[in-house]
file work22.pdb (PDB, C-alpha atoms)
ATOM      1  CA  GLN V   1       4.753 -10.288  15.283
ATOM      2  CA  VAL V   2       2.971  -9.746  11.984
ATOM      3  CA  HIS V   3       4.461 -11.086   8.783
ATOM      4  CA  VAL V   4       3.621  -8.883   5.798
ATOM      5  CA  VAL V   5       3.922  -9.974   2.179
ATOM      6  CA  GLU V   6       3.254  -7.954  -0.967
ATOM      7  CA  SER V   7       2.536  -9.388  -4.387
ATOM      8  CA  GLY V   8       1.229  -8.346  -7.781
ATOM      9  CA  GLY V   9       4.021  -6.204  -9.107
ATOM     10  CA  GLY V  10       5.268  -6.438 -12.645
ATOM     11  CA  VAL V  11       6.186  -4.678 -15.852
ATOM     12  CA  VAL V  12       3.372  -2.882 -17.658
ATOM     13  CA  GLN V  13       2.921  -0.218 -20.281
ATOM     14  CA  PRO V  14       1.641   3.304 -19.623
ATOM     15  CA  GLY V  15      -2.106   3.293 -19.226
ATOM     16  CA  ASP V  16      -2.244  -0.288 -17.989
ATOM     17  CA  SER V  17      -3.511  -1.488 -14.636
ATOM     18  CA  LEU V  18      -2.085  -3.596 -11.832
ATOM     19  CA  ARG V  19      -3.474  -4.788  -8.551
ATOM     20  CA  LEU V  20      -1.111  -5.166  -5.642
ATOM     21  CA  SER V  21      -1.993  -7.372  -2.720
ATOM     22  CA  CYS V  22      -0.806  -7.204   0.847
ATOM     23  CA  THR V  23      -1.376 -10.140   3.123
ATOM     24  CA  ALA V  24      -0.537 -10.412   6.779
ATOM     25  CA  SER V  25      -0.399 -13.196   9.314
ATOM     26  CA  GLY V  26      -2.744 -13.219  12.245
ATOM     27  CA  ARG V  27      -6.471 -13.604  12.632
ATOM     28  CA  THR V  28      -7.181  -9.979  13.508
ATOM     29  CA  PHE V  29      -5.832  -8.255  10.433
ATOM     30  CA  SER V  30      -8.871  -5.992  10.323
ATOM     31  CA  ARG V  31      -7.691  -4.249  13.505
ATOM     32  CA  TYR V  32      -4.656  -2.888  11.689
ATOM     33  CA  SER V  33      -4.354   0.163   9.513
ATOM     34  CA  VAL V  34      -2.495  -0.535   6.290
ATOM     35  CA  GLY V  35      -0.439   1.795   4.186
ATOM     36  CA  TRP V  36       1.219   1.563   0.817
ATOM     37  CA  PHE V  37       4.474   3.407   0.248
ATOM     38  CA  ARG V  38       6.795   3.464  -2.729
ATOM     39  CA  GLN V  39      10.428   4.160  -3.412
ATOM     40  CA  ALA V  40      11.656   5.111  -6.845
ATOM     41  CA  PRO V  41      15.333   4.700  -7.767
ATOM     42  CA  GLY V  42      17.441   7.353  -6.109
ATOM     43  CA  LYS V  43      14.520   8.779  -4.166
ATOM     44  CA  GLU V  44      13.125   8.519  -0.674
ATOM     45  CA  ARG V  45      10.252   6.262   0.188
ATOM     46  CA  ASP V  46       6.973   8.149  -0.044
ATOM     47  CA  PHE V  47       3.388   7.623   0.997
ATOM     48  CA  VAL V  48       0.930   6.360  -1.631
ATOM     49  CA  ALA V  49      -2.307   5.275   0.037
ATOM     50  CA  ALA V  50      -3.666   4.021   3.338
ATOM     51  CA  ILE V  51      -6.773   2.532   4.834
ATOM     52  CA  LYS V  52      -7.661   2.757   8.488
ATOM     53  CA  ALA V  53      -8.454  -0.223  10.699
ATOM     54  CA  TYR V  54     -11.841  -1.888  10.315
ATOM     55  CA  GLY V  55     -12.297  -0.549   6.784
ATOM     56  CA  GLY V  56     -12.308   3.036   7.882
ATOM     57  CA  SER V  57     -11.159   6.162   6.155
ATOM     58  CA  THR V  58      -8.697   6.175   3.299
ATOM     59  CA  ARG V  59      -5.947   8.543   2.256
ATOM     60  CA  TYR V  60      -4.132   9.042  -1.041
ATOM     61  CA  THR V  61      -1.223  11.103  -2.166
ATOM     62  CA  ASP V  62      -2.323  13.712  -4.679
ATOM     63  CA  SER V  63      -0.503  12.164  -7.636
ATOM     64  CA  VAL V  64      -2.558   8.948  -7.466
ATOM     65  CA  LYS V  65      -5.987  10.304  -6.599
ATOM     66  CA  GLY V  66      -8.551   9.140  -9.121
ATOM     67  CA  ARG V  67      -6.222   6.408 -10.406
ATOM     68  CA  PHE V  68      -5.437   4.225  -7.383
ATOM     69  CA  THR V  69      -7.905   2.632  -4.991
ATOM     70  CA  ILE V  70      -7.081   0.959  -1.696
ATOM     71  CA  SER V  71      -9.477  -1.587  -0.260
ATOM     72  CA  ARG V  72      -9.469  -4.495   2.144
ATOM     73  CA  ASP V  73     -10.975  -7.948   2.352
ATOM     74  CA  SER V  74     -10.778  -8.824   6.011
ATOM     75  CA  ALA V  75     -11.969 -12.377   5.425
ATOM     76  CA  LYS V  76      -8.877 -12.938   3.303
ATOM     77  CA  ASN V  77      -6.542 -10.864   5.513
ATOM     78  CA  THR V  78      -5.688  -8.903   2.407
ATOM     79  CA  VAL V  79      -5.463  -5.263   1.417
ATOM     80  CA  TYR V  80      -5.445  -4.352  -2.254
ATOM     81  CA  LEU V  81      -4.053  -1.415  -4.149
ATOM     82  CA  GLN V  82      -5.770  -1.191  -7.510
ATOM     83  CA  MET V  83      -3.646   0.934  -9.805
ATOM     84  CA  ASN V  84      -5.172   2.192 -13.036
ATOM     85  CA  SER V  85      -3.869   4.494 -15.757
ATOM     86  CA  LEU V  86      -0.315   3.791 -14.707
ATOM     87  CA  LYS V  87       2.381   6.280 -15.652
ATOM     88  CA  PRO V  88       6.146   5.894 -15.947
ATOM     89  CA  GLU V  89       6.510   8.019 -12.818
ATOM     90  CA  ASP V  90       4.666   5.313 -10.879
ATOM     91  CA  THR V  91       7.690   3.066 -11.344
ATOM     92  CA  ALA V  92       8.989   2.111  -7.907
ATOM     93  CA  VAL V  93       9.255  -0.593  -5.310
ATOM     94  CA  TYR V  94       5.934  -0.668  -3.486
ATOM     95  CA  TYR V  95       5.884  -1.511   0.191
ATOM     96  CA  CYS V  96       2.981  -2.507   2.370
ATOM     97  CA  ALA V  97       3.030  -1.432   5.996
ATOM     98  CA  VAL V  98       0.788  -2.506   8.840
ATOM     99  CA  GLY V  99       0.194  -0.565  12.007
ATOM    100  CA  ASP V 100      -1.771  -0.931  15.214
ATOM    101  CA  ARG V 101      -3.630   2.016  16.741
ATOM    102  CA  VAL V 102      -2.760   4.364  13.903
ATOM    103  CA  ILE V 103      -4.628   7.618  14.292
ATOM    104  CA  THR V 104      -6.191   9.098  11.202
ATOM    105  CA  SER V 105      -3.832  12.062  11.070
ATOM    106  CA  SER V 106      -0.840   9.690  11.009
ATOM    107  CA  LEU V 107      -1.960   7.409   8.202
ATOM    108  CA  THR V 108       0.481   9.055   5.807
ATOM    109  CA  SER V 109       3.456   8.777   8.148
ATOM    110  CA  GLN V 110       5.926   5.898   7.825
ATOM    111  CA  SER V 111       6.715   6.054  11.528
ATOM    112  CA  ALA V 112       3.118   5.147  12.385
ATOM    113  CA  TYR V 113       3.510   1.629  11.013
ATOM    114  CA  ASP V 114       4.961  -1.301  12.903
ATOM    115  CA  TYR V 115       5.457  -4.001  10.295
ATOM    116  CA  TRP V 116       6.706  -3.832   6.733
ATOM    117  CA  GLY V 117       6.873  -6.162   3.787
ATOM    118  CA  GLN V 118       9.874  -6.655   1.532
ATOM    119  CA  GLY V 119       8.359  -4.758  -1.366
ATOM    120  CA  THR V 120       7.223  -5.559  -4.884
ATOM    121  CA  GLN V 121       8.596  -3.930  -8.032
ATOM    122  CA  VAL V 122       6.279  -2.027 -10.335
ATOM    123  CA  THR V 123       7.752  -0.888 -13.644
ATOM    124  CA  VAL V 124       5.776   1.216 -16.082
ATOM    125  CA  SER V 125       7.545   1.510 -19.400
ATOM    126  CA  SER V 126       6.765   1.571 -23.085
TER     127      SER V 126
END
call {"tool": "encode", "arguments": {"input": "work22.pdb", "output": "structure tokens"}}
result
Amino acid sequence: QVHVVESGGGVVQPGDSLRLSCTASGRTFSRYSVGWFRQAPGKERDFVAAIKAYGGSTRYTDSVKGRFTISRDSAKNTVYLQMNSLKPEDTAVYYCAVGDRVITSSLTSQSAYDYWGQGTQVTVSS
């Protein structure tokens, strides 16, 4: 069992930045692929970004390309989502998901992930 915890959410103004963190229990966190998903009020949960196991390839949804960056620090068992130039439409609950043996073509799929955090709220408002 892997316990996943997100942190770093908050209320910011348009154009501001936030960095979300995702930590997971276990000494072999680097073996897991990690995805970030978000759910806006009244909408389904959607893919945002993902990074493959062992610091491999990354994926982003089109709306965040060039603004968000996913990275991992395996020594700290942490994956980060750096969010720059935030927009009101980025407002959502952000979830971190961890998966074992996730193939590259499935990085964007929620069903590929085994463990989920409780989510952290990001609100972008003027």
call {"tool": "closest_residue", "arguments": {"input": "work22.pdb", "among": "V:Ser30, V:Ser17, V:Asn77, V:Thr61", "to": "Gly99 of chain V", "atoms": "all atoms listed in the file"}}
result
V:Ser30
call {"tool": "atom_distance", "arguments": {"input": "work22.pdb", "atom1": "atom CA of Val93 of chain V", "atom2": "atom CA of Ser25 of chain V"}}
result
21.6 Å
call {"tool": "residues_near_point", "arguments": {"input": "work22.pdb", "point": "(-5.5, 1.6, -15.8)", "cutoff": "8 Å", "atoms": "all atoms listed in the file", "output": "list in words"}}
result
Gly15, Asp16, Ser17, Leu18, Arg67, Met83, Asn84, Ser85 and Leu86 of chain V
call {"tool": "closest_residue", "arguments": {"input": "work22.pdb", "among": "V:Gly117, V:Gly9, V:Pro14, V:Pro88", "to": "Val34 of chain V", "atoms": "all atoms listed in the file"}}
result
V:Gly117
call {"tool": "closest_residue", "arguments": {"input": "work22.pdb", "among": "V:Thr123, V:Ser33, V:Gln39, V:Ser106", "to": "Gly10 of chain V", "atoms": "all atoms listed in the file"}}
result
V:Thr123
call {"tool": "resolve_selection", "arguments": {"input": "work22.pdb", "expression": "the PyMOL selection byres ((chain V and resi 74) around 9)", "output": "PyMOL selection string"}}
result
chain V and resi 28-30+54-55+72-73+75-79
call {"tool": "resolve_selection", "arguments": {"input": "work22.pdb", "expression": "the PyMOL selection byres ((chain V and resi 62-66) around 12)", "output": "PyMOL selection string"}}
result
chain V and resi 36-38+46-50+58-61+67-70+81-87+89-90+108
call {"tool": "resolve_selection", "arguments": {"input": "work22.pdb", "expression": "the PyMOL selection byres ((chain V and resi 115) around 8)", "output": "PyMOL selection string"}}
result
chain V and resi 2-4+97-99+113-114+116-117
call {"tool": "decode", "arguments": {"input": "work22.pdb", "residues": "segment 6-126 of chain V", "atoms": "C-alpha atoms", "output": "compact mmCIF listing (two decimals), in the first residue's frame"}}
result
# COMPACT_ATOMS: atom_id res chain seq x y z
CA GLU V 6 -0.63 16.36 -1.93
CA SER V 7 0.23 19.80 -0.64
CA GLY V 8 0.86 23.32 -1.89
CA GLY V 9 -2.56 24.43 -2.97
CA GLY V 10 -3.95 27.83 -2.20
CA VAL V 11 -5.63 30.98 -3.43
CA VAL V 12 -3.69 33.06 -5.93
CA GLN V 13 -4.32 35.76 -8.48
CA PRO V 14 -4.18 35.29 -12.25
CA GLY V 15 -0.61 35.23 -13.44
CA ASP V 16 0.76 33.95 -10.15
CA SER V 17 2.61 30.70 -9.56
CA LEU V 18 2.16 27.74 -7.25
CA ARG V 19 4.11 24.58 -6.70
CA LEU V 20 2.23 21.46 -5.74
CA SER V 21 4.00 18.59 -4.06
CA CYS V 22 3.11 14.93 -4.01
CA THR V 23 4.77 12.67 -1.51
CA ALA V 24 4.36 8.94 -1.16
CA SER V 25 5.31 6.36 1.41
CA GLY V 26 7.77 3.65 0.55
CA ARG V 27 11.44 3.60 -0.27
CA THR V 28 11.03 2.86 -3.97
CA PHE V 29 8.96 5.83 -5.04
CA SER V 30 11.11 6.25 -8.14
CA ARG V 31 9.69 3.01 -9.57
CA TYR V 32 6.25 4.57 -9.82
CA SER V 33 4.82 6.76 -12.51
CA VAL V 34 3.02 9.79 -11.11
CA GLY V 35 0.17 11.74 -12.58
CA TRP V 36 -1.59 14.94 -11.68
CA PHE V 37 -5.30 15.25 -12.37
CA ARG V 38 -7.75 18.00 -11.56
CA GLN V 39 -11.46 18.37 -11.04
CA ALA V 40 -13.19 21.69 -11.40
CA PRO V 41 -16.61 22.27 -9.80
CA GLY V 42 -19.31 20.48 -11.73
CA LYS V 43 -16.85 18.83 -14.09
CA GLU V 44 -15.17 15.48 -14.45
CA ARG V 45 -11.67 14.84 -13.26
CA ASP V 46 -9.19 15.40 -16.07
CA PHE V 47 -5.55 14.68 -16.75
CA VAL V 48 -3.04 17.49 -16.20
CA ALA V 49 0.50 16.11 -16.27
CA ALA V 50 2.44 12.92 -15.67
CA ILE V 51 5.97 11.69 -15.30
CA LYS V 52 7.03 8.13 -15.97
CA ALA V 53 8.91 5.95 -13.49
CA TYR V 54 12.60 6.61 -12.97
CA GLY V 55 12.33 10.19 -14.22
CA GLY V 56 11.28 9.16 -17.67
CA SER V 57 9.07 10.83 -20.19
CA THR V 58 6.51 13.46 -19.29
CA ARG V 59 3.07 14.29 -20.62
CA TYR V 60 0.93 17.42 -20.37
CA THR V 61 -2.56 18.31 -21.35
CA ASP V 62 -2.55 20.96 -24.06
CA SER V 63 -4.02 23.71 -21.88
CA VAL V 64 -1.04 23.67 -19.49
CA LYS V 65 1.84 23.14 -21.89
CA GLY V 66 4.43 25.86 -21.48
CA ARG V 67 3.00 26.88 -18.10
CA PHE V 68 3.19 23.76 -15.92
CA THR V 69 6.22 21.57 -15.30
CA ILE V 70 6.24 18.19 -13.61
CA SER V 71 9.43 16.93 -12.02
CA ARG V 72 10.54 14.48 -9.37
CA ASP V 73 13.08 14.34 -6.58
CA SER V 74 13.46 10.67 -5.86
CA ALA V 75 15.67 11.29 -2.84
CA LYS V 76 12.76 13.12 -1.23
CA ASN V 77 10.07 10.74 -2.56
CA THR V 78 8.39 13.79 -4.01
CA VAL V 79 6.94 14.83 -7.34
CA TYR V 80 6.34 18.50 -8.03
CA LEU V 81 3.94 20.31 -10.29
CA GLN V 82 5.22 23.82 -10.89
CA MET V 83 2.35 25.95 -12.13
CA ASN V 84 3.14 29.33 -13.65
CA SER V 85 0.95 31.96 -15.29
CA LEU V 86 -2.10 30.58 -13.56
CA LYS V 87 -5.51 31.32 -15.02
CA PRO V 88 -8.97 31.27 -13.45
CA GLU V 89 -9.74 28.16 -15.50
CA ASP V 90 -6.98 26.35 -13.60
CA THR V 91 -9.16 26.49 -10.50
CA ALA V 92 -9.80 22.94 -9.34
CA VAL V 93 -8.99 20.28 -6.82
CA TYR V 94 -5.68 18.76 -7.88
CA TYR V 95 -5.07 15.09 -7.26
CA CYS V 96 -1.84 13.16 -7.34
CA ALA V 97 -1.93 9.57 -8.51
CA VAL V 98 0.75 6.92 -8.33
CA GLY V 99 0.95 3.85 -10.50
CA ASP V 100 3.18 0.83 -10.92
CA ARG V 101 4.12 -0.46 -14.37
CA VAL V 102 2.32 2.33 -16.19
CA ILE V 103 3.08 2.17 -19.89
CA THR V 104 3.84 5.41 -21.64
CA SER V 105 0.66 5.39 -23.70
CA SER V 106 -1.42 5.13 -20.50
CA LEU V 107 0.14 7.99 -18.56
CA THR V 108 -2.88 10.18 -19.24
CA SER V 109 -5.41 7.57 -18.15
CA GLN V 110 -6.86 7.62 -14.63
CA SER V 111 -7.35 3.86 -14.70
CA ALA V 112 -3.60 3.32 -15.01
CA TYR V 113 -2.96 4.58 -11.49
CA ASP V 114 -3.25 2.52 -8.34
CA TYR V 115 -3.06 5.02 -5.51
CA TRP V 116 -4.58 8.46 -5.11
CA GLY V 117 -4.24 11.33 -2.71
CA GLN V 118 -7.10 13.29 -1.19
CA GLY V 119 -6.50 16.35 -3.33
CA THR V 120 -5.45 19.94 -2.77
CA GLN V 121 -7.52 22.98 -3.74
CA VAL V 122 -6.12 25.52 -6.16
CA THR V 123 -8.14 28.70 -6.63
CA VAL V 124 -7.14 31.35 -9.13
CA SER V 125 -9.17 34.50 -8.70
CA SER V 126 -8.75 38.24 -8.83
